[in-house]
Structures are given as C-alpha cells and as structure tokens.
Amino acid sequence: MDWSALLYNPVLILLRVLGGLGIFLYGMQTMSEGIHKWAGPRLHGVVQGLTSTPLSAIVTGAGVTALIQSSSATTVVLVSMVNAGLIPLRNAIAVVMGANIGTTFTAWAVSLLGFSLDISSFALPAIAISLPFRFSRRERNKRFALILLGFGLLFLGINEMKTGMSALDQSDFISRVLLIFPEKGLGTRLIFILVGAGLSVVLQSSSAAITLTLTMVYLGQLPFSLAAAIVLGENVGTTLTAYFAALEMSVEARRCARSHLLFNIFGVIWMFFLLNPMIVLLDILVPGSLSNPPGTTFHLAAFHSLFNIVNTLLLAGFIPQIEKLVIRLIPDRKTDLPEGGALAWISGNLPEARDANLIIAGGAVLKLSREVRIMADYVINFFEPSLDERQELSALIEKKEQSVDGMEESILTHLSECALQNLSEEQAQWVAARMRIIGEYERIADGLVNIHNLSEKLLRKKSGAGSESVDQILEIAFAVRDFLEYISTLLDHAVADREMELARTMEEEIIRFRNKLDKISRKRIKSGGNLKGELLFMEIVRRFETIGDDCISIAKDLSR
C-alpha cells in the first residue's frame, strides 16, 4: 500500500486543517473564558462608565474587544446591556464602532507571532505550565491556567492549520478550485465576500475565520485581493451573532444589533468599489512585499485595521443619524416583560453568553424594582384622593401586583437556568444574591397589598380615622418610598461602605418614625380614641417598617 499517497489525500489533509481549526477555536474559547472570569465584571463596569462621549465609547469598545479577542462577545454583551437599560443606544453604537477596530488586534497578533516564530517552542510549554495552576484551589490560579492553556492551544491550532494547508497546497486542490474564478472580476469579489461572511457565521468567530485566511495567504494559496474580500465578508458575518441574540430582546437591544449590521454593510459597500486603490495604498504604507510572506500577512492585518478605522472615521460623526435610522427601522412596541413574559435567553455555554444572560437578569431585577416603586406610589396616593379616585387606584394596584408576580416568576426561571451554567464562583454568588432579592421584592409587593387592604378599612368612616392619622402614616410612607428608590440605584453595582451606611441610616429613620407613631397612637387610645382605628393605624405603620427591613436586606445582599 502506498502510504505516501495516503498522507497527501486531500480529504485527510482537510480533516487535519479542520482539526487544527478546532484546536484554535477551543483555545480561543478557553482563553476568552479565563479572561472573562478574571476581568468580566470589571469590563462591564468600564463599558458602562466610560461611554459618555462618542470618542470615549469608541476607545472603550476597541480596548475591551482587543482584550477579550472577540467582537462578537463584546457586541452580545453590549446588546444585553442595552436590553437591560444599563447603557443608552447612542453610546452603544459608538462602542460597536470601537469593537470593530479592537477585533483587528487578533490579525496583528497572529501575523506577528503565529507565522514568524517557532510556535511549538512556546505553545507546548504554556500548556505544560498551565496544568499545576489548573488544579489549584484558588480561583485566581484557575483563571490564570485557563488563559495560559487557551494561549497554548490557540497557537498550536495555528501550527496544525499551517502544516495541513501546506500539505493541501502540494495536492493542488486549492489552486484547481481558484482557477474557476477570475481574480479581478467584481463577481468573484462578491462571491468571496459571501464566503467570508459564511465562514464567520459557521465558525461563530471572525477571529478564527481571519486566522484561516491569514494561513492561506501566508502559504501563498490565496491572492491578496481575494483574501481582502474574504476579510470584508467576515466583518459582516460577525455581526449576525449579536443580531440573532437580540431577536428576543427589547426594541433597544434589537436596534443596537441592527446598527452594527448596517455599519459593517455600509463599510463593505464602499470598500467593494475602492478595494484596488486601497491595496495600492497599503503597498505604499506597509513595509514588505505583497507577494512574499510575511509581508502578505502584515498587509492583510493592516488592511483589516485600516478598513475598520476609516469606516469608523466616516460614520462617527453620524451616530445620532444612525440612531434615528434604526429607530425608524425598528419602531417601538409594548414589551412583554411587565406581564410576566419569559426573558430573552442567549444559548450556548460561551463566556459571553453567560455574561449576557446575567446582564439580562440584572436588568430585569432593575425593572422589577421600578414596578414595585410605582406600586408603592399607588398605595401612598390611596390615602389622599376622593372615593372615586381610590377605586381607580385599587384597580391599578391589583393590576400592578399581577405584573410584579409575573416578572418575579420569569426572572426566577431565568436565574435558575443561569445557575445551571458553568459559572465562576463570583457569578454563582451574584445569582444567589439576586434570587434572594427577588424573594425580598415579592415580600415588599405583598406588604404593599396588605397596606392597601388595611387602608381601605382605616379610611371608612366608622373606623374614625382623621386627617391627622393619615398625615402621620404618610410620614413613614414617604420615608419607605425614598428607601425603595435608593435601593434601586444600588442594583447595578457592588455596594460601597458609604452607600451601606446611608441605607442603615434610612432604616433607622423608619424605625424612629415607627416608635414615634406607636407612642402617639397609645396616647390617643388612652384618651378615648377609636380602638379599631388605632389598631389598623399601628398595623399599617408596622407593615411599612417591615418593608424597610426588606430594603435593608436587599442592601446587605448587594454588599456581599
């Protein structure tokens, strides 16, 4: 049997290339997971806090994407933050522009390290060094192990792809395929743009797609103009991950995903017609030859960066207009969430999917807190108006209670699904805290319903409640409402010591009101006041104090 012929069998060689690609993808996923566990929550805070201006948002998007090595991950998490109401749409559009620039870092890293150095000299040692850290009990060491292991596997995969593609070249398989397409035709350019888009969609990673393209260019198997067309397509394909993820999210989230798609399609359209002049410009600006590696890989990395930078410069001044366009394309609709509809779920066990699902849950908890605050306003307002207005408020309170119950159920279901994912210790603690907080908000809503029922009895004429009693109840009621509002502002970040101290101060103020009103009520009873009315009065006061206790419990959950 001719074993040498078998070694150059195109099918077996292709399997080796795909195996190398699989190692690369697994390495990238592993390294990304380690980076997410190490810096994920901090990165979310950076995105949320450093996006007040278009320039800062673009720089933030570029930096975060370069760090986590995935524009898809950045945009999926970003879309989830928009869905949760944590970042405005206009700021998110600017972050998306920056993410397109940041994703080009992968091409530069692969060009500089993947082909110029002996990969095996540091890839395998990196894997070996990661092993003892992998079995450490310390979470920090495990994260470091994931980053090292992913780094080693990533470049090991590149080496396997390079070896496999080199063998494939000897079989003339690629050259025979390329003979079908004229290199300089616009039709061929369009076909290869579609190939690049399809490659990104299938691999669900533009970084993997561009690494495969760089490998073919390095080996001289793919003309530069066609490789550039594939890169353009990969830029469009990478937007579809966030686009599909946003389909079940809020209108704002879908607008964010649509803006990313439109932004990249616009860039591909103008570059489609200016590709040849751009290649000439690159040959002038970038050292090395377009016809000989490693110059070809550097040129392709430079093309990827220059295209995204120029596209961002062209559109950065039109962010308000892009926002208006996507608002027109995706008009407002009533969200299902207040009625208890299921929360959007990002499928997959990748770090960005887990992060996105947690962000969605966090945003839903924030919306729940607002619904409970509105319910509290209805209950407080019940003490003041005429009888007809009270009947209307009673209907609103009942409707709001049903809305809150539905939201609680959908959020708990979502959090339960999150808990089944491969969460870090910090993420697992976050999920457990939010589950407790949901329970506390449920008790607050039930307490408000009880206060409403007691108020109906108190305000009947036979109970003997006067305007003085109502004004006294409103004192503690307003303090509780302020406490609820303050707690809502703490839900999207870790509670600092000074914030916890203010929460304790607000709780103590509610307790002082309770003690003061208890003494006043006892004096009224001793002086012959209506016993039934005073008992109802004190029960309402006690219920408001209990809501204050629930609020401080939420603050404690957030500070752990």
# chains A, B, ... in the order shown; residues from 1 in each chain; ligands from 1
call {"tool": "closest_atom_pairs", "arguments": {"of": "segment 21-112 of chain A", "to": "segment 291-308 of chain A", "cutoff": "8 Å", "atoms": "only C-alpha atoms", "output": "JSON lines"}}
result
{"residue": "A:Asn100", "atom": "CA", "partner": "A:Asn308", "partner_atom": "CA", "distance": 6.1}
{"residue": "A:Ile101", "atom": "CA", "partner": "A:Asn308", "partner_atom": "CA", "distance": 5.5}
{"residue": "A:Thr104", "atom": "CA", "partner": "A:Ser305", "partner_atom": "CA", "distance": 5.5}
{"residue": "A:Ala107", "atom": "CA", "partner": "A:Ala301", "partner_atom": "CA", "distance": 5.1}
{"residue": "A:Trp108", "atom": "CA", "partner": "A:Ala301", "partner_atom": "CA", "distance": 5.5}
{"residue": "A:Ser111", "atom": "CA", "partner": "A:Thr297", "partner_atom": "CA", "distance": 5.6}
{"residue": "A:Leu112", "atom": "CA", "partner": "A:Phe298", "partner_atom": "CA", "distance": 7.8}
call {"tool": "write_last_selection", "arguments": {"atoms": "N, CA and C atoms", "output": "tab-separated table (two decimals), in the first residue's frame"}}
result
chain	number	residue	atom	x	y	z
A	100	ASN	N	-15.26	47.07	16.34
A	100	ASN	CA	-14.77	46.69	15.02
A	100	ASN	C	-13.27	46.94	14.88
A	101	ILE	N	-12.80	48.01	15.50
A	101	ILE	CA	-11.36	48.30	15.46
A	101	ILE	C	-10.61	47.33	16.36
A	104	THR	N	-9.45	43.78	15.20
A	104	THR	CA	-8.32	43.64	14.27
A	104	THR	C	-7.03	43.28	15.00
A	107	ALA	N	-5.71	39.74	14.17
A	107	ALA	CA	-4.95	39.58	12.93
A	107	ALA	C	-3.50	39.99	13.11
A	108	TRP	N	-3.27	41.07	13.86
A	108	TRP	CA	-1.90	41.51	14.10
A	108	TRP	C	-1.14	40.50	14.98
A	111	SER	N	-0.32	37.48	12.86
A	111	SER	CA	0.71	37.80	11.86
A	111	SER	C	2.09	37.92	12.49
A	112	LEU	N	2.15	38.54	13.67
A	112	LEU	CA	3.44	38.78	14.31
A	112	LEU	C	4.00	37.54	15.00
call {"tool": "residues_around", "arguments": {"residues": "Gln421 of chain A", "least_positions_apart": "2", "cutoff": "9 Å", "atoms": "only C-alpha atoms", "output": "number ranges by chain"}}
result
A: 349, 354, 417-419, 423
call {"tool": "write_last_selection", "arguments": {"atoms": "C-alpha atoms", "output": "mmCIF file, in the first residue's frame"}}
result
data_model
loop_
_atom_site.group_PDB
_atom_site.id
_atom_site.type_symbol
_atom_site.label_atom_id
_atom_site.label_comp_id
_atom_site.auth_asym_id
_atom_site.auth_seq_id
_atom_site.Cartn_x
_atom_site.Cartn_y
_atom_site.Cartn_z
ATOM 1 C CA ASN A 349 -22.050 27.907 27.144
ATOM 2 C CA ARG A 354 -23.238 33.507 30.307
ATOM 3 C CA GLU A 417 -31.261 28.466 34.136
ATOM 4 C CA CYS A 418 -28.237 30.715 34.698
ATOM 5 C CA ALA A 419 -27.332 28.724 37.829
ATOM 6 C CA LEU A 423 -20.428 29.962 36.310
#
call {"tool": "select_by_dssp", "arguments": {"residues": "segment 151-362 of chain A", "states": "helix (DSSP H, G or I)", "output": "PyMOL selection string"}}
result
chain A and resi 151-170+173-178+186-203+206-218+224-237+239-248+251-285+295-329+337-339+351-362
call {"tool": "atom_distance", "arguments": {"atom1": "atom CA of Glu323 of chain A", "atom2": "atom CA of Glu252 of chain A"}}
result
10.1 Å
call {"tool": "residues_around", "arguments": {"residues": "segment 57-63 of chain A", "least_positions_apart": "5", "cutoff": "10 Å", "atoms": "only C-alpha atoms", "output": "PyMOL selection string"}}
result
chain A and resi 43+46-52+68-69+71+74-75+78+90-105+312+316
call {"tool": "closest_residue", "arguments": {"among": "A:Ser32, A:Ser225, A:Tyr243, A:Ser553", "to": "Leu186 of chain A", "atoms": "only C-alpha atoms"}}
result
A:Ser225
call {"tool": "decode", "arguments": {"residues": "segment 260-305 of chain A", "atoms": "N, CA and C atoms", "output": "PDB file, in the first residue's frame"}}
result
ATOM      1  N   HIS A 260     -25.118  47.694  14.269  1.00  0.00           N
ATOM      2  CA  HIS A 260     -23.851  47.018  13.992  1.00  0.00           C
ATOM      3  C   HIS A 260     -23.855  46.427  12.588  1.00  0.00           C
ATOM      4  N   LEU A 261     -24.951  45.765  12.230  1.00  0.00           N
ATOM      5  CA  LEU A 261     -25.071  45.161  10.900  1.00  0.00           C
ATOM      6  C   LEU A 261     -25.011  46.229   9.815  1.00  0.00           C
ATOM      7  N   LEU A 262     -25.767  47.321   9.984  1.00  0.00           N
ATOM      8  CA  LEU A 262     -25.795  48.381   8.975  1.00  0.00           C
ATOM      9  C   LEU A 262     -24.437  49.061   8.849  1.00  0.00           C
ATOM     10  N   PHE A 263     -23.790  49.278   9.971  1.00  0.00           N
ATOM     11  CA  PHE A 263     -22.471  49.918   9.982  1.00  0.00           C
ATOM     12  C   PHE A 263     -21.469  49.109   9.160  1.00  0.00           C
ATOM     13  N   ASN A 264     -21.445  47.804   9.370  1.00  0.00           N
ATOM     14  CA  ASN A 264     -20.484  46.968   8.657  1.00  0.00           C
ATOM     15  C   ASN A 264     -20.858  46.785   7.189  1.00  0.00           C
ATOM     16  N   ILE A 265     -22.157  46.689   6.892  1.00  0.00           N
ATOM     17  CA  ILE A 265     -22.577  46.575   5.489  1.00  0.00           C
ATOM     18  C   ILE A 265     -22.209  47.841   4.721  1.00  0.00           C
ATOM     19  N   PHE A 266     -22.401  49.005   5.351  1.00  0.00           N
ATOM     20  CA  PHE A 266     -22.011  50.264   4.709  1.00  0.00           C
ATOM     21  C   PHE A 266     -20.522  50.250   4.365  1.00  0.00           C
ATOM     22  N   GLY A 267     -19.707  49.804   5.302  1.00  0.00           N
ATOM     23  CA  GLY A 267     -18.272  49.743   5.056  1.00  0.00           C
ATOM     24  C   GLY A 267     -17.918  48.813   3.914  1.00  0.00           C
ATOM     25  N   VAL A 268     -18.556  47.663   3.859  1.00  0.00           N
ATOM     26  CA  VAL A 268     -18.278  46.697   2.790  1.00  0.00           C
ATOM     27  C   VAL A 268     -18.684  47.273   1.436  1.00  0.00           C
ATOM     28  N   ILE A 269     -19.786  48.027   1.388  1.00  0.00           N
ATOM     29  CA  ILE A 269     -20.260  48.578   0.109  1.00  0.00           C
ATOM     30  C   ILE A 269     -19.242  49.553  -0.479  1.00  0.00           C
ATOM     31  N   TRP A 270     -18.761  50.508   0.332  1.00  0.00           N
ATOM     32  CA  TRP A 270     -17.817  51.464  -0.249  1.00  0.00           C
ATOM     33  C   TRP A 270     -16.461  50.827  -0.524  1.00  0.00           C
ATOM     34  N   MET A 271     -16.047  49.877   0.323  1.00  0.00           N
ATOM     35  CA  MET A 271     -14.766  49.214   0.088  1.00  0.00           C
ATOM     36  C   MET A 271     -14.835  48.266  -1.111  1.00  0.00           C
ATOM     37  N   PHE A 272     -16.019  47.740  -1.407  1.00  0.00           N
ATOM     38  CA  PHE A 272     -16.194  46.850  -2.562  1.00  0.00           C
ATOM     39  C   PHE A 272     -15.714  47.532  -3.843  1.00  0.00           C
ATOM     40  N   PHE A 273     -16.003  48.821  -3.966  1.00  0.00           N
ATOM     41  CA  PHE A 273     -15.642  49.544  -5.185  1.00  0.00           C
ATOM     42  C   PHE A 273     -14.257  50.189  -5.098  1.00  0.00           C
ATOM     43  N   LEU A 274     -13.733  50.363  -3.903  1.00  0.00           N
ATOM     44  CA  LEU A 274     -12.427  51.021  -3.737  1.00  0.00           C
ATOM     45  C   LEU A 274     -11.338  50.055  -3.291  1.00  0.00           C
ATOM     46  N   LEU A 275     -11.575  48.756  -3.459  1.00  0.00           N
ATOM     47  CA  LEU A 275     -10.620  47.770  -2.950  1.00  0.00           C
ATOM     48  C   LEU A 275      -9.265  47.884  -3.634  1.00  0.00           C
ATOM     49  N   ASN A 276      -9.241  48.018  -4.955  1.00  0.00           N
ATOM     50  CA  ASN A 276      -7.956  48.071  -5.669  1.00  0.00           C
ATOM     51  C   ASN A 276      -7.127  49.293  -5.277  1.00  0.00           C
ATOM     52  N   PRO A 277      -7.716  50.508  -5.215  1.00  0.00           N
ATOM     53  CA  PRO A 277      -6.926  51.656  -4.734  1.00  0.00           C
ATOM     54  C   PRO A 277      -6.435  51.473  -3.297  1.00  0.00           C
ATOM     55  N   MET A 278      -7.244  50.831  -2.457  1.00  0.00           N
ATOM     56  CA  MET A 278      -6.837  50.589  -1.071  1.00  0.00           C
ATOM     57  C   MET A 278      -5.633  49.654  -1.016  1.00  0.00           C
ATOM     58  N   ILE A 279      -5.620  48.641  -1.875  1.00  0.00           N
ATOM     59  CA  ILE A 279      -4.488  47.703  -1.907  1.00  0.00           C
ATOM     60  C   ILE A 279      -3.217  48.427  -2.345  1.00  0.00           C
ATOM     61  N   VAL A 280      -3.342  49.327  -3.330  1.00  0.00           N
ATOM     62  CA  VAL A 280      -2.187  50.118  -3.779  1.00  0.00           C
ATOM     63  C   VAL A 280      -1.679  50.999  -2.637  1.00  0.00           C
ATOM     64  N   LEU A 281      -2.602  51.634  -1.917  1.00  0.00           N
ATOM     65  CA  LEU A 281      -2.224  52.481  -0.779  1.00  0.00           C
ATOM     66  C   LEU A 281      -1.525  51.663   0.304  1.00  0.00           C
ATOM     67  N   LEU A 282      -2.028  50.480   0.568  1.00  0.00           N
ATOM     68  CA  LEU A 282      -1.412  49.608   1.576  1.00  0.00           C
ATOM     69  C   LEU A 282       0.009  49.243   1.189  1.00  0.00           C
ATOM     70  N   ASP A 283       0.219  48.976  -0.079  1.00  0.00           N
ATOM     71  CA  ASP A 283       1.552  48.578  -0.541  1.00  0.00           C
ATOM     72  C   ASP A 283       2.555  49.708  -0.339  1.00  0.00           C
ATOM     73  N   ILE A 284       2.045  50.952  -0.371  1.00  0.00           N
ATOM     74  CA  ILE A 284       2.913  52.112  -0.140  1.00  0.00           C
ATOM     75  C   ILE A 284       3.188  52.298   1.351  1.00  0.00           C
ATOM     76  N   LEU A 285       2.152  52.115   2.170  1.00  0.00           N
ATOM     77  CA  LEU A 285       2.248  52.412   3.601  1.00  0.00           C
ATOM     78  C   LEU A 285       2.909  51.310   4.413  1.00  0.00           C
ATOM     79  N   VAL A 286       2.680  50.048   4.042  1.00  0.00           N
ATOM     80  CA  VAL A 286       3.112  48.917   4.867  1.00  0.00           C
ATOM     81  C   VAL A 286       4.417  48.349   4.329  1.00  0.00           C
ATOM     82  N   PRO A 287       5.431  48.182   5.195  1.00  0.00           N
ATOM     83  CA  PRO A 287       6.692  47.583   4.743  1.00  0.00           C
ATOM     84  C   PRO A 287       6.489  46.137   4.291  1.00  0.00           C
ATOM     85  N   GLY A 288       7.383  45.663   3.456  1.00  0.00           N
ATOM     86  CA  GLY A 288       7.306  44.281   2.998  1.00  0.00           C
ATOM     87  C   GLY A 288       6.608  44.179   1.659  1.00  0.00           C
ATOM     88  N   SER A 289       6.679  42.990   1.101  1.00  0.00           N
ATOM     89  CA  SER A 289       6.122  42.755  -0.226  1.00  0.00           C
ATOM     90  C   SER A 289       4.746  42.119  -0.142  1.00  0.00           C
ATOM     91  N   LEU A 290       3.885  42.509  -1.075  1.00  0.00           N
ATOM     92  CA  LEU A 290       2.558  41.911  -1.153  1.00  0.00           C
ATOM     93  C   LEU A 290       2.608  40.486  -1.684  1.00  0.00           C
ATOM     94  N   SER A 291       3.708  40.142  -2.317  1.00  0.00           N
ATOM     95  CA  SER A 291       3.775  38.827  -2.960  1.00  0.00           C
ATOM     96  C   SER A 291       4.524  37.790  -2.138  1.00  0.00           C
ATOM     97  N   ASN A 292       5.248  38.225  -1.106  1.00  0.00           N
ATOM     98  CA  ASN A 292       6.040  37.277  -0.316  1.00  0.00           C
ATOM     99  C   ASN A 292       5.708  37.397   1.169  1.00  0.00           C
ATOM    100  N   PRO A 293       5.454  36.248   1.838  1.00  0.00           N
ATOM    101  CA  PRO A 293       5.266  36.273   3.297  1.00  0.00           C
ATOM    102  C   PRO A 293       6.598  36.562   3.975  1.00  0.00           C
ATOM    103  N   PRO A 294       6.610  37.178   5.196  1.00  0.00           N
ATOM    104  CA  PRO A 294       5.422  37.526   5.984  1.00  0.00           C
ATOM    105  C   PRO A 294       4.764  38.845   5.605  1.00  0.00           C
ATOM    106  N   GLY A 295       5.304  39.496   4.541  1.00  0.00           N
ATOM    107  CA  GLY A 295       4.727  40.771   4.144  1.00  0.00           C
ATOM    108  C   GLY A 295       3.253  40.688   3.815  1.00  0.00           C
ATOM    109  N   THR A 296       2.833  39.593   3.209  1.00  0.00           N
ATOM    110  CA  THR A 296       1.418  39.453   2.839  1.00  0.00           C
ATOM    111  C   THR A 296       0.512  39.426   4.072  1.00  0.00           C
ATOM    112  N   THR A 297       0.940  38.726   5.113  1.00  0.00           N
ATOM    113  CA  THR A 297       0.108  38.656   6.326  1.00  0.00           C
ATOM    114  C   THR A 297       0.045  40.007   7.023  1.00  0.00           C
ATOM    115  N   PHE A 298       1.173  40.746   7.042  1.00  0.00           N
ATOM    116  CA  PHE A 298       1.166  42.084   7.627  1.00  0.00           C
ATOM    117  C   PHE A 298       0.241  43.010   6.839  1.00  0.00           C
ATOM    118  N   HIS A 299       0.289  42.887   5.512  1.00  0.00           N
ATOM    119  CA  HIS A 299      -0.578  43.708   4.671  1.00  0.00           C
ATOM    120  C   HIS A 299      -2.053  43.405   4.938  1.00  0.00           C
ATOM    121  N   LEU A 300      -2.373  42.127   5.123  1.00  0.00           N
ATOM    122  CA  LEU A 300      -3.774  41.763   5.355  1.00  0.00           C
ATOM    123  C   LEU A 300      -4.246  42.264   6.725  1.00  0.00           C
ATOM    124  N   ALA A 301      -3.375  42.152   7.740  1.00  0.00           N
ATOM    125  CA  ALA A 301      -3.719  42.687   9.065  1.00  0.00           C
ATOM    126  C   ALA A 301      -3.897  44.203   8.992  1.00  0.00           C
ATOM    127  N   ALA A 302      -3.008  44.866   8.231  1.00  0.00           N
ATOM    128  CA  ALA A 302      -3.115  46.321   8.070  1.00  0.00           C
ATOM    129  C   ALA A 302      -4.393  46.691   7.320  1.00  0.00           C
ATOM    130  N   PHE A 303      -4.741  45.897   6.311  1.00  0.00           N
ATOM    131  CA  PHE A 303      -5.988  46.141   5.573  1.00  0.00           C
ATOM    132  C   PHE A 303      -7.193  46.045   6.507  1.00  0.00           C
ATOM    133  N   HIS A 304      -7.210  45.018   7.344  1.00  0.00           N
ATOM    134  CA  HIS A 304      -8.311  44.822   8.288  1.00  0.00           C
ATOM    135  C   HIS A 304      -8.439  46.033   9.215  1.00  0.00           C
ATOM    136  N   SER A 305      -7.301  46.503   9.740  1.00  0.00           N
ATOM    137  CA  SER A 305      -7.321  47.650  10.656  1.00  0.00           C
ATOM    138  C   SER A 305      -7.712  48.932   9.933  1.00  0.00           C
TER     139      SER A 305
END
